[in-house]
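K.L.:
Below is final.cif; it holds mmCIF, C-alpha atoms.
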```cif
data_entry
#
loop_
_atom_site.label_atom_id
_atom_site.label_comp_id
_atom_site.auth_asym_id
_atom_site.auth_seq_id
_atom_site.Cartn_x
_atom_site.Cartn_y
_atom_site.Cartn_z
CA MET Z 1 -20.74 -24.03 25.58
CA GLN Z 2 -18.28 -24.80 28.35
CA PRO Z 3 -17.81 -27.37 31.12
CA PRO Z 4 -18.98 -26.43 34.62
CA GLY Z 5 -16.21 -24.72 36.52
CA ALA Z 6 -14.41 -23.68 33.34
CA ASP Z 7 -11.39 -21.68 34.45
CA CYS Z 8 -9.24 -21.08 31.36
CA VAL Z 9 -9.12 -20.95 27.56
CA LEU Z 10 -7.04 -23.34 25.49
CA VAL Z 11 -5.72 -21.55 22.37
CA ARG Z 12 -4.32 -23.36 19.32
CA HIS Z 13 -2.28 -22.04 16.44
CA GLY Z 14 -1.57 -23.58 13.04
CA ASP Z 15 1.10 -22.23 10.71
CA VAL Z 16 3.18 -21.10 13.68
CA GLY Z 17 3.74 -24.73 14.57
CA VAL Z 18 5.54 -25.58 11.33
CA LYS Z 19 8.31 -23.04 11.95
CA SER Z 20 11.70 -23.78 13.44
CA SER Z 21 11.87 -23.91 17.24
CA ARG Z 22 13.43 -20.46 17.42
CA VAL Z 23 10.91 -18.84 15.11
CA GLN Z 24 7.98 -20.66 16.72
CA GLY Z 25 8.99 -19.35 20.13
CA LYS Z 26 9.11 -15.77 18.87
CA MET Z 27 5.79 -16.09 17.08
CA GLU Z 28 4.10 -17.61 20.11
CA GLN Z 29 5.35 -14.71 22.21
CA ARG Z 30 3.94 -12.21 19.70
CA LEU Z 31 0.65 -14.10 19.60
CA ALA Z 32 0.44 -14.02 23.39
CA GLU Z 33 1.03 -10.25 23.36
CA ASN Z 34 -1.66 -9.74 20.71
CA ILE Z 35 -4.21 -11.80 22.64
CA GLU Z 36 -3.46 -9.88 25.83
CA ALA Z 37 -4.01 -6.64 23.90
CA LEU Z 38 -7.39 -7.88 22.64
CA LEU Z 39 -8.40 -8.84 26.18
CA ALA Z 40 -7.37 -5.46 27.57
CA ASP Z 41 -9.09 -3.58 24.74
CA ARG Z 42 -12.36 -5.39 25.48
CA GLY Z 43 -12.11 -5.08 29.26
CA ILE Z 44 -11.66 -8.81 29.81
CA PRO Z 45 -9.35 -9.89 32.63
CA GLY Z 46 -6.75 -12.54 31.94
CA SER Z 47 -3.12 -13.39 31.41
CA VAL Z 48 -1.71 -15.56 28.65
CA GLU Z 49 0.62 -18.43 29.49
CA ARG Z 50 2.76 -20.02 26.81
CA GLN Z 51 2.99 -23.77 26.61
CA TRP Z 52 4.84 -25.30 23.69
CA GLY Z 53 2.36 -25.52 20.84
CA ARG Z 54 -0.45 -24.00 22.91
CA LEU Z 55 -1.40 -20.84 24.74
CA VAL Z 56 -3.58 -20.84 27.85
CA ILE Z 57 -5.55 -17.84 29.09
CA ARG Z 58 -5.81 -17.87 32.90
CA GLU Z 59 -7.75 -15.90 35.51
CA THR Z 60 -10.39 -14.84 33.04
CA ASP Z 61 -13.99 -15.08 31.90
CA PRO Z 62 -13.54 -18.15 29.67
CA ASP Z 63 -16.51 -17.42 27.42
CA ALA Z 64 -15.55 -13.81 26.68
CA ALA Z 65 -11.84 -14.59 26.48
CA ALA Z 66 -12.41 -17.38 23.96
CA ASP Z 67 -14.32 -14.95 21.74
CA ALA Z 68 -11.49 -12.42 21.97
CA ALA Z 69 -8.77 -14.99 21.30
CA SER Z 70 -10.62 -16.29 18.25
CA ASP Z 71 -10.21 -12.82 16.69
CA ALA Z 72 -6.41 -12.97 16.95
CA PHE Z 73 -4.51 -13.59 13.73
CA GLY Z 74 -2.61 -16.84 14.03
CA VAL Z 75 -5.25 -18.54 16.19
CA VAL Z 76 -6.85 -21.62 14.65
CA SER Z 77 -9.30 -22.21 17.49
CA ALA Z 78 -9.99 -21.38 21.13
CA SER Z 79 -11.90 -23.44 23.70
CA PRO Z 80 -13.30 -22.46 27.09
CA ALA Z 81 -11.92 -25.28 29.22
CA ARG Z 82 -11.55 -26.70 32.68
CA SER Z 83 -8.07 -27.49 33.85
CA VAL Z 84 -7.42 -30.69 35.83
CA THR Z 85 -4.40 -32.71 36.82
CA PRO Z 86 -3.33 -35.19 34.14
CA GLU Z 87 -4.62 -38.19 36.09
CA MET Z 88 -7.27 -40.55 34.74
CA ASP Z 89 -9.51 -40.32 37.82
CA ASP Z 90 -9.54 -36.51 37.75
CA ILE Z 91 -10.18 -36.39 34.01
CA THR Z 92 -13.06 -38.86 34.13
CA GLY Z 93 -14.52 -37.10 37.16
CA VAL Z 94 -14.72 -33.80 35.24
CA LEU Z 95 -16.10 -35.61 32.19
CA ALA Z 96 -18.89 -37.08 34.30
CA GLU Z 97 -19.66 -33.69 35.85
CA THR Z 98 -19.70 -32.07 32.43
CA ALA Z 99 -22.00 -34.76 31.06
CA ARG Z 100 -24.53 -34.22 33.84
CA ASP Z 101 -24.47 -30.50 33.11
CA ALA Z 102 -24.40 -30.37 29.29
CA TYR Z 103 -25.49 -33.73 27.85
CA THR Z 104 -29.27 -34.13 27.74
CA GLU Z 105 -29.96 -36.08 24.55
CA GLY Z 106 -28.53 -37.48 21.34
CA ALA Z 107 -25.27 -39.27 20.66
CA PHE Z 108 -21.88 -38.42 22.11
CA ALA Z 109 -18.20 -39.05 21.60
CA VAL Z 110 -15.06 -38.51 23.63
CA ASP Z 111 -12.21 -37.05 21.57
CA ALA Z 112 -8.94 -37.41 23.45
CA ARG Z 113 -5.41 -36.25 22.61
CA ARG Z 114 -2.28 -36.70 24.65
CA ALA Z 115 1.25 -35.30 24.68
CA GLY Z 116 3.96 -36.23 27.16
CA GLU Z 117 4.64 -39.27 29.33
CA HIS Z 118 1.64 -40.82 31.10
CA ASP Z 119 0.63 -44.28 32.24
CA PHE Z 120 -2.33 -44.26 29.83
CA THR Z 121 -2.92 -43.61 26.13
CA SER Z 122 -5.34 -41.31 24.37
CA GLU Z 123 -7.36 -44.42 23.47
CA ASP Z 124 -7.60 -45.20 27.19
CA VAL Z 125 -8.94 -41.70 27.87
CA GLY Z 126 -11.56 -42.12 25.15
CA ARG Z 127 -12.65 -45.52 26.40
CA VAL Z 128 -12.66 -44.87 30.15
CA GLY Z 129 -13.91 -41.33 29.71
CA GLY Z 130 -16.73 -42.53 27.48
CA GLN Z 131 -17.78 -44.98 30.16
CA ALA Z 132 -17.79 -42.18 32.74
CA VAL Z 133 -20.03 -40.04 30.52
CA TRP Z 134 -22.39 -42.95 29.91
CA GLU Z 135 -22.75 -43.78 33.59
CA ALA Z 136 -23.28 -40.12 34.49
CA VAL Z 137 -26.44 -39.80 32.38
CA GLU Z 138 -27.85 -43.30 31.97
CA ASP Z 139 -30.40 -42.81 34.73
CA ALA Z 140 -31.75 -39.70 33.00
CA PHE Z 141 -31.98 -41.02 29.41
CA ASP Z 142 -30.54 -43.63 27.10
CA PRO Z 143 -27.21 -42.30 25.81
CA GLU Z 144 -25.74 -43.28 22.45
CA VAL Z 145 -22.20 -43.36 21.15
CA ASP Z 146 -21.43 -42.06 17.67
CA LEU Z 147 -17.77 -41.47 16.93
CA ASP Z 148 -18.41 -40.20 13.40
CA ASP Z 149 -21.19 -37.63 13.84
CA PRO Z 150 -21.94 -37.04 17.52
CA ASP Z 151 -24.39 -34.45 18.80
CA VAL Z 152 -22.09 -33.69 21.73
CA THR Z 153 -18.31 -34.08 21.73
CA PHE Z 154 -16.42 -34.21 25.01
CA SER Z 155 -12.86 -33.21 24.23
CA VAL Z 156 -9.83 -33.92 26.38
CA GLU Z 157 -6.31 -32.67 25.78
CA VAL Z 158 -3.70 -34.12 28.09
CA ARG Z 159 -0.38 -32.30 28.43
CA ALA Z 160 2.65 -33.15 30.53
CA GLU Z 161 1.59 -31.16 33.61
CA GLU Z 162 -2.09 -30.53 33.02
CA ALA Z 163 -5.19 -31.77 31.23
CA PHE Z 164 -8.05 -29.78 29.72
CA VAL Z 165 -11.67 -30.77 29.28
CA PHE Z 166 -13.80 -28.75 26.85
CA LEU Z 167 -16.89 -28.95 24.67
CA GLU Z 168 -16.28 -26.68 21.70
CA ASN Z 169 -13.68 -25.16 19.41
CA ARG Z 170 -14.34 -21.56 18.42
CA GLU Z 171 -12.79 -21.02 15.04
CA GLY Z 172 -10.13 -18.35 14.63
CA PRO Z 173 -8.80 -16.72 11.47
CA GLY Z 174 -5.62 -18.82 11.29
CA GLY Z 175 -2.64 -17.30 9.53
CA LEU Z 176 0.29 -15.77 11.40
CA PRO Z 177 0.39 -13.49 14.44
CA LEU Z 178 0.13 -9.83 13.50
CA GLY Z 179 3.52 -8.18 13.65
CA THR Z 180 5.55 -11.20 12.60
CA GLN Z 181 5.88 -9.73 9.09
CA ASN Z 182 6.93 -6.26 8.03
CA PRO Z 183 4.12 -3.77 7.35
CA LEU Z 184 2.31 -3.15 4.08
CA VAL Z 185 0.65 -0.02 2.76
CA ALA Z 186 -3.03 -0.83 2.21
CA LEU Z 187 -4.84 1.25 -0.39
CA VAL Z 188 -8.34 1.59 1.08
CA SER Z 189 -11.17 3.07 -0.91
CA GLY Z 190 -13.95 2.13 1.47
CA GLY Z 191 -15.42 -0.18 -1.15
CA ILE Z 192 -16.16 -3.83 -0.59
CA ASP Z 193 -12.82 -5.18 -1.76
CA SER Z 194 -10.05 -3.13 -0.16
CA PRO Z 195 -10.88 -3.77 3.53
CA VAL Z 196 -11.10 -7.50 2.84
CA ALA Z 197 -7.70 -7.42 1.13
CA ALA Z 198 -6.23 -5.44 4.03
CA TYR Z 199 -7.64 -7.96 6.52
CA LEU Z 200 -6.11 -10.85 4.58
CA GLY Z 201 -2.75 -9.10 4.61
CA MET Z 202 -3.08 -8.74 8.38
CA LYS Z 203 -4.00 -12.41 8.61
CA ARG Z 204 -0.58 -13.29 7.22
CA GLY Z 205 1.11 -11.28 9.98
CA ALA Z 206 1.62 -7.92 8.23
CA PRO Z 207 0.46 -4.75 10.02
CA ILE Z 208 -1.14 -2.33 7.57
CA ILE Z 209 -0.70 1.37 6.97
CA PRO Z 210 -4.04 2.48 5.50
CA VAL Z 211 -3.86 5.05 2.72
CA TYR Z 212 -7.01 6.73 1.42
CA LEU Z 213 -6.92 8.86 -1.73
CA ASP Z 214 -9.55 11.59 -1.65
CA LEU Z 215 -10.82 11.95 -5.22
CA GLY Z 216 -12.48 15.27 -4.51
CA PRO Z 217 -15.34 15.85 -6.99
CA PHE Z 218 -14.81 12.39 -8.46
CA GLY Z 219 -15.56 10.69 -5.16
CA GLY Z 220 -18.39 11.97 -3.04
CA PRO Z 221 -19.17 13.29 0.44
CA ASP Z 222 -19.52 9.84 2.03
CA HIS Z 223 -16.50 8.31 0.37
CA GLU Z 224 -14.04 9.22 3.12
CA ALA Z 225 -16.50 8.31 5.87
CA ARG Z 226 -16.94 4.77 4.62
CA ALA Z 227 -13.19 4.31 4.20
CA VAL Z 228 -12.55 5.38 7.79
CA GLU Z 229 -15.35 3.19 9.11
CA THR Z 230 -13.97 0.09 7.44
CA VAL Z 231 -10.51 0.82 8.84
CA ARG Z 232 -12.09 1.33 12.26
CA ARG Z 233 -13.47 -2.19 12.01
CA LEU Z 234 -10.07 -3.58 11.00
CA ALA Z 235 -8.55 -1.77 13.98
CA ASP Z 236 -10.75 -3.87 16.28
CA PHE Z 237 -8.55 -6.84 15.40
CA ALA Z 238 -5.33 -4.95 16.14
CA PRO Z 239 -5.73 -2.77 19.24
CA ASN Z 240 -1.97 -2.70 19.90
CA TYR Z 241 -1.07 -1.48 16.38
CA ASP Z 242 -1.17 1.97 14.84
CA MET Z 243 -3.98 2.07 12.29
CA THR Z 244 -3.73 5.77 11.44
CA VAL Z 245 -5.18 6.50 8.01
CA ARG Z 246 -3.08 8.64 5.66
CA ARG Z 247 -5.48 10.81 3.69
CA VAL Z 248 -4.07 12.00 0.40
CA ALA Z 249 -5.76 14.85 -1.46
CA ALA Z 250 -5.92 13.46 -5.00
CA GLY Z 251 -8.83 15.41 -6.49
CA GLU Z 252 -6.60 17.95 -8.25
CA TYR Z 253 -4.52 15.23 -9.89
CA ALA Z 254 -7.58 13.20 -10.82
CA GLN Z 255 -8.98 16.27 -12.54
CA ARG Z 256 -5.76 16.76 -14.50
CA LEU Z 257 -5.80 13.14 -15.63
CA HIS Z 258 -9.46 13.49 -16.58
CA ASP Z 259 -8.70 16.54 -18.67
CA GLU Z 260 -5.44 15.39 -20.25
CA VAL Z 261 -5.65 11.60 -20.71
CA GLY Z 262 -8.06 9.56 -22.77
CA LYS Z 263 -8.86 5.86 -22.63
CA THR Z 264 -5.80 4.96 -20.50
CA ARG Z 265 -6.53 7.48 -17.75
CA MET Z 266 -7.60 4.79 -15.22
CA LEU Z 267 -4.31 3.01 -15.77
CA SER Z 268 -2.45 6.25 -15.15
CA TYR Z 269 -4.54 6.97 -12.09
CA ARG Z 270 -3.76 3.54 -10.63
CA ARG Z 271 -0.11 4.10 -11.40
CA PHE Z 272 -0.40 7.39 -9.52
CA MET Z 273 -1.94 5.51 -6.57
CA TYR Z 274 0.97 3.07 -6.48
CA MET Z 275 3.48 5.90 -6.67
CA VAL Z 276 1.79 7.60 -3.71
CA ALA Z 277 1.73 4.32 -1.79
CA GLU Z 278 5.45 3.81 -2.46
CA GLU Z 279 6.29 7.28 -1.14
CA ILE Z 280 4.37 6.57 2.07
CA ALA Z 281 5.92 3.10 2.32
CA HIS Z 282 9.41 4.59 2.22
CA GLU Z 283 8.45 7.04 4.96
CA THR Z 284 6.85 4.44 7.24
CA GLY Z 285 9.07 1.40 6.69
CA ALA Z 286 6.47 -0.60 4.77
CA VAL Z 287 7.84 -3.16 2.33
CA GLY Z 288 4.94 -3.60 -0.09
CA ILE Z 289 1.45 -2.56 -1.17
CA VAL Z 290 -1.78 -4.50 -0.67
CA THR Z 291 -4.83 -3.81 -2.83
CA GLY Z 292 -8.30 -5.24 -3.39
CA GLU Z 293 -7.83 -5.92 -7.09
CA ALA Z 294 -9.07 -9.15 -8.68
CA ILE Z 295 -8.45 -10.37 -12.20
CA GLY Z 296 -11.00 -8.97 -14.62
CA GLN Z 297 -13.16 -7.27 -12.02
CA LYS Z 298 -12.73 -3.88 -13.70
CA SER Z 299 -11.24 -2.68 -16.96
CA SER Z 300 -8.06 -1.61 -15.18
CA GLN Z 301 -7.75 -5.07 -13.63
CA THR Z 302 -7.40 -7.23 -16.71
CA THR Z 303 -4.33 -9.46 -16.74
CA THR Z 304 -2.73 -7.11 -19.27
CA ASN Z 305 -3.51 -3.93 -17.38
CA LEU Z 306 -2.34 -5.27 -14.04
CA GLY Z 307 1.05 -5.73 -15.62
CA VAL Z 308 1.04 -2.15 -16.86
CA VAL Z 309 0.18 -0.59 -13.50
CA ASP Z 310 2.59 -2.81 -11.53
CA ARG Z 311 5.53 -1.18 -13.27
CA ALA Z 312 4.76 2.15 -11.58
CA THR Z 313 6.42 0.97 -8.37
CA SER Z 314 9.50 -0.96 -7.36
CA LEU Z 315 7.59 -2.44 -4.41
CA PRO Z 316 5.71 -5.74 -4.65
CA VAL Z 317 1.95 -5.32 -5.05
CA HIS Z 318 0.06 -7.97 -3.06
CA ARG Z 319 -3.43 -8.88 -4.22
CA PRO Z 320 -5.04 -11.38 -1.81
CA LEU Z 321 -8.31 -11.30 -3.78
CA LEU Z 322 -6.66 -11.89 -7.15
CA THR Z 323 -8.61 -15.03 -8.15
CA MET Z 324 -11.74 -14.61 -6.02
CA ASP Z 325 -15.24 -14.17 -7.41
CA LYS Z 326 -17.19 -11.12 -6.27
CA GLN Z 327 -19.60 -13.22 -4.24
CA GLU Z 328 -16.70 -14.76 -2.34
CA ILE Z 329 -15.40 -11.30 -1.52
CA ILE Z 330 -18.85 -10.12 -0.43
CA ALA Z 331 -19.18 -13.15 1.86
CA LEU Z 332 -15.87 -12.30 3.52
CA ALA Z 333 -16.91 -8.66 3.87
CA ARG Z 334 -20.12 -9.75 5.58
CA ASP Z 335 -18.16 -11.98 7.96
CA LEU Z 336 -15.87 -9.06 8.80
CA ASP Z 337 -18.81 -6.70 9.26
CA THR Z 338 -17.37 -4.25 6.74
CA TYR Z 339 -19.99 -4.87 4.06
CA ARG Z 340 -22.57 -2.39 5.40
CA ASP Z 341 -20.04 0.43 5.60
CA SER Z 342 -18.58 -0.51 2.23
CA THR Z 343 -21.95 -0.10 0.53
CA MET Z 344 -22.79 3.37 1.84
CA ASN Z 345 -24.03 5.70 -0.86
CA VAL Z 346 -21.29 7.82 -2.41
CA GLY Z 347 -21.11 10.55 -5.02
CA CYS Z 348 -20.84 9.87 -8.72
CA GLU Z 349 -17.41 8.73 -9.79
CA ARG Z 350 -16.75 10.39 -13.12
CA LEU Z 351 -13.10 9.63 -13.59
CA ALA Z 352 -13.38 6.51 -15.74
CA PRO Z 353 -13.66 7.13 -19.51
CA ASN Z 354 -16.66 5.85 -21.43
CA SER Z 355 -14.50 3.37 -23.33
CA PRO Z 356 -11.58 2.45 -21.06
CA GLU Z 357 -8.53 0.58 -22.29
CA THR Z 358 -8.64 -3.13 -21.40
CA LYS Z 359 -5.43 -4.24 -23.10
CA GLY Z 360 -3.11 -1.35 -22.51
CA SER Z 361 0.58 -1.39 -23.27
CA HIS Z 362 3.13 0.08 -20.92
CA ALA Z 363 4.66 2.25 -23.65
CA ALA Z 364 1.32 3.68 -24.80
CA THR Z 365 0.22 4.37 -21.23
CA ILE Z 366 3.45 6.18 -20.40
CA ASP Z 367 3.26 8.14 -23.62
CA ALA Z 368 -0.30 9.30 -22.87
CA GLU Z 369 0.18 10.29 -19.24
CA PRO Z 370 1.76 13.55 -18.01
CA ASP Z 371 5.52 13.39 -17.51
CA ALA Z 372 5.04 15.01 -14.11
CA LEU Z 373 3.00 12.10 -12.71
CA PRO Z 374 5.78 10.92 -10.33
CA GLU Z 375 6.22 14.49 -9.05
CA TRP Z 376 2.47 14.76 -8.50
CA ALA Z 377 2.53 11.56 -6.47
CA ARG Z 378 5.48 12.76 -4.40
CA ALA Z 379 3.81 16.10 -3.65
CA ALA Z 380 0.50 14.43 -2.79
CA ALA Z 381 2.15 11.98 -0.40
CA GLN Z 382 4.18 14.67 1.32
CA SER Z 383 1.07 16.79 1.98
CA ALA Z 384 -1.04 13.90 3.33
CA THR Z 385 -2.99 14.39 6.56
CA THR Z 386 -3.84 11.72 9.09
CA ILE Z 387 -7.10 10.38 10.49
CA ASP Z 388 -7.41 8.40 13.69
CA PRO Z 389 -10.01 5.72 12.89
CA ARG Z 390 -10.42 5.02 16.60
CA GLY Z 391 -11.53 8.60 17.23
CA GLU Z 392 -15.23 9.21 17.72
CA LEU Z 393 -15.61 10.72 14.26
CA GLY Z 394 -12.15 10.03 12.91
CA GLU Z 395 -9.86 12.72 14.29
CA VAL Z 396 -7.93 14.58 11.58
CA ASP Z 397 -4.49 16.06 12.09
CA ALA Z 398 -2.08 17.71 9.72
CA ARG Z 399 1.13 15.80 9.36
#
```
Take the structure I supplied and represent it as structure tokens, if you would.
P.N.:
Amino acid sequence: MQPPGADCVLVRHGDVGVKSSRVQGKMEQRLAENIEALLADRGIPGSVERQWGRLVIRETDPDAAADAASDAFGVVSASPARSVTPEMDDITGVLAETARDAYTEGAFAVDARRAGEHDFTSEDVGRVGGQAVWEAVEDAFDPEVDLDDPDVTFSVEVRAEEAFVFLENREGPGGLPLGTQNPLVALVSGGIDSPVAAYLGMKRGAPIIPVYLDLGPFGGPDHEARAVETVRRLADFAPNYDMTVRRVAAGEYAQRLHDEVGKTRMLSYRRFMYMVAEEIAHETGAVGIVTGEAIGQKSSQTTTNLGVVDRATSLPVHRPLLTMDKQEIIALARDLDTYRDSTMNVGCERLAPNSPETKGSHAATIDAEPDALPEWARAAAQSATTIDPRGELGEVDAR
């Protein structure tokens, strides 16, 4: 919902605003660039203007642009708005016009905020603006005022050179603008968890380098397809970032672990995954690994076993889902629209032993796994191919 004559979008950020002035300026510039990329990717006209603590999208379709901006990491909310001069008469005039257009029943409130030097306060805007709304509709019905739980909220934000009138705040993801942190390798299986974890890493400003390990006979024919599809969805949030998937042929090594290692083989396989991720991180400039692991979700993810597998890499392993319940993760996957792709049918995964180790020790795991495991990981990473998730079917190229 937007006021008549809406001509811009008011964009708010959150965590960016607590940074130092220098850092905030850089982050706002990155956020503006990311929003402009989202607009261009979706064919929406518009340019982004930076105001301290706010961004404003001009010369645009306010409804479509607000939807695009609310997908940008770092954005707390976006509002289709009408810009007016920061004068009381102009503000109340637009409030009255908006009331006649959008207020047909129920209770209302005027929520006003002000920054800068003016000859009125935010309380004045609420009081005088509320009167203007009342008078605009009183001949049509009996309006009511409810400041605690209104049916319609008329919002006004007054800045030094401009004021904005709007009716709604479209919620964004929050976090930090993408690209304000160094990249992370994201291990993506195509399951429910890994794309959610990758998204949450992106939410904190870190571009991701997706890495998919092809388990060969232990995976299934649809396994790669669902991984690529979930990355394709994540790429929608980052049109100006490279989201190329590194596909690592791991079936041969999974088979060797299956044949040579007993109850700790899943720990060794996860250690292999981290070693592969570290090799690719060194090649691409990534500074850590992000995974979809959560405490106790699988036998390899007990608090003891997580400690065992972490020691396979010198890089930090980030686990955004660490303490989440499965239903919380599923809810996030549904919100991201990755849940359908993540639940595609796949082949039988036969790698896990019948009685996996749940309280493994580092020494016993190392002793049971092949000495050549690091060399396997290095060879697998060096022979990885790439998949463009934005291609029609996921274009594959040899590296």
K.L.:
Using all atoms listed in the file, which of the listed residues (Z:Gly175, Z:Pro3, Z:Gly116, Z:Gly219) sits closest to Ala206 of chain Z?
P.N.:
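Distance minimum relative to Ala206 of chain Z lands on Z:Gly175.
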K.L.:
Place a sphere of radius 12 Å on (-5.5, 3.0, -2.0) in the file coordinates and name every protein, DNA or RNA residue with an atom inside or on its surface, counting all atoms listed in the file; give the answer as JSON, numbers by chain.
P.N.:
{"Z": [184, 185, 186, 187, 188, 189, 190, 191, 193, 194, 195, 197, 198, 208, 209, 210, 211, 212, 213, 214, 215, 224, 227, 245, 246, 247, 248, 249, 250, 269, 270, 271, 272, 273, 274, 275, 276, 277, 278, 280, 289, 290, 291, 292, 293, 317, 381]}
K.L.:
May I have the residues at most 12 Å from (-10.9, 14.4, -9.4) in the file's coordinates, counting all atoms listed in the file, as a count of residues only?
P.N.:
28
K.L.:
Can you measure atom CA of Gln301 of chain Z to atom CA of Pro316 of chain Z for me? One decimal in Å is fine.
P.N.:
16.2 Å
K.L.:
May I ask which of the residues Z:Arg58, Z:Lys26, Z:Arg113, Z:Lys263 is the closest one to Val165 of chain Z, counting all atoms listed in the file?
P.N.:
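Closest residue, counting all atoms listed in the file: Z:Arg113.
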K.L.:
In Å, with one decimal, what is the gap from atom CA of Pro86 of chain Z to atom CA of Gly5 of chain Z?
P.N.:
16.8 Å
K.L.:
I'd like the contact shell of segment 120-127 of chain Z - 7 Å cut-off, all atoms listed in the file, skipping same-chain residues fewer than 4 positions apart - returned as an MDAnalysis selection string.
P.N.:
chainID Z and resid 110:114 131
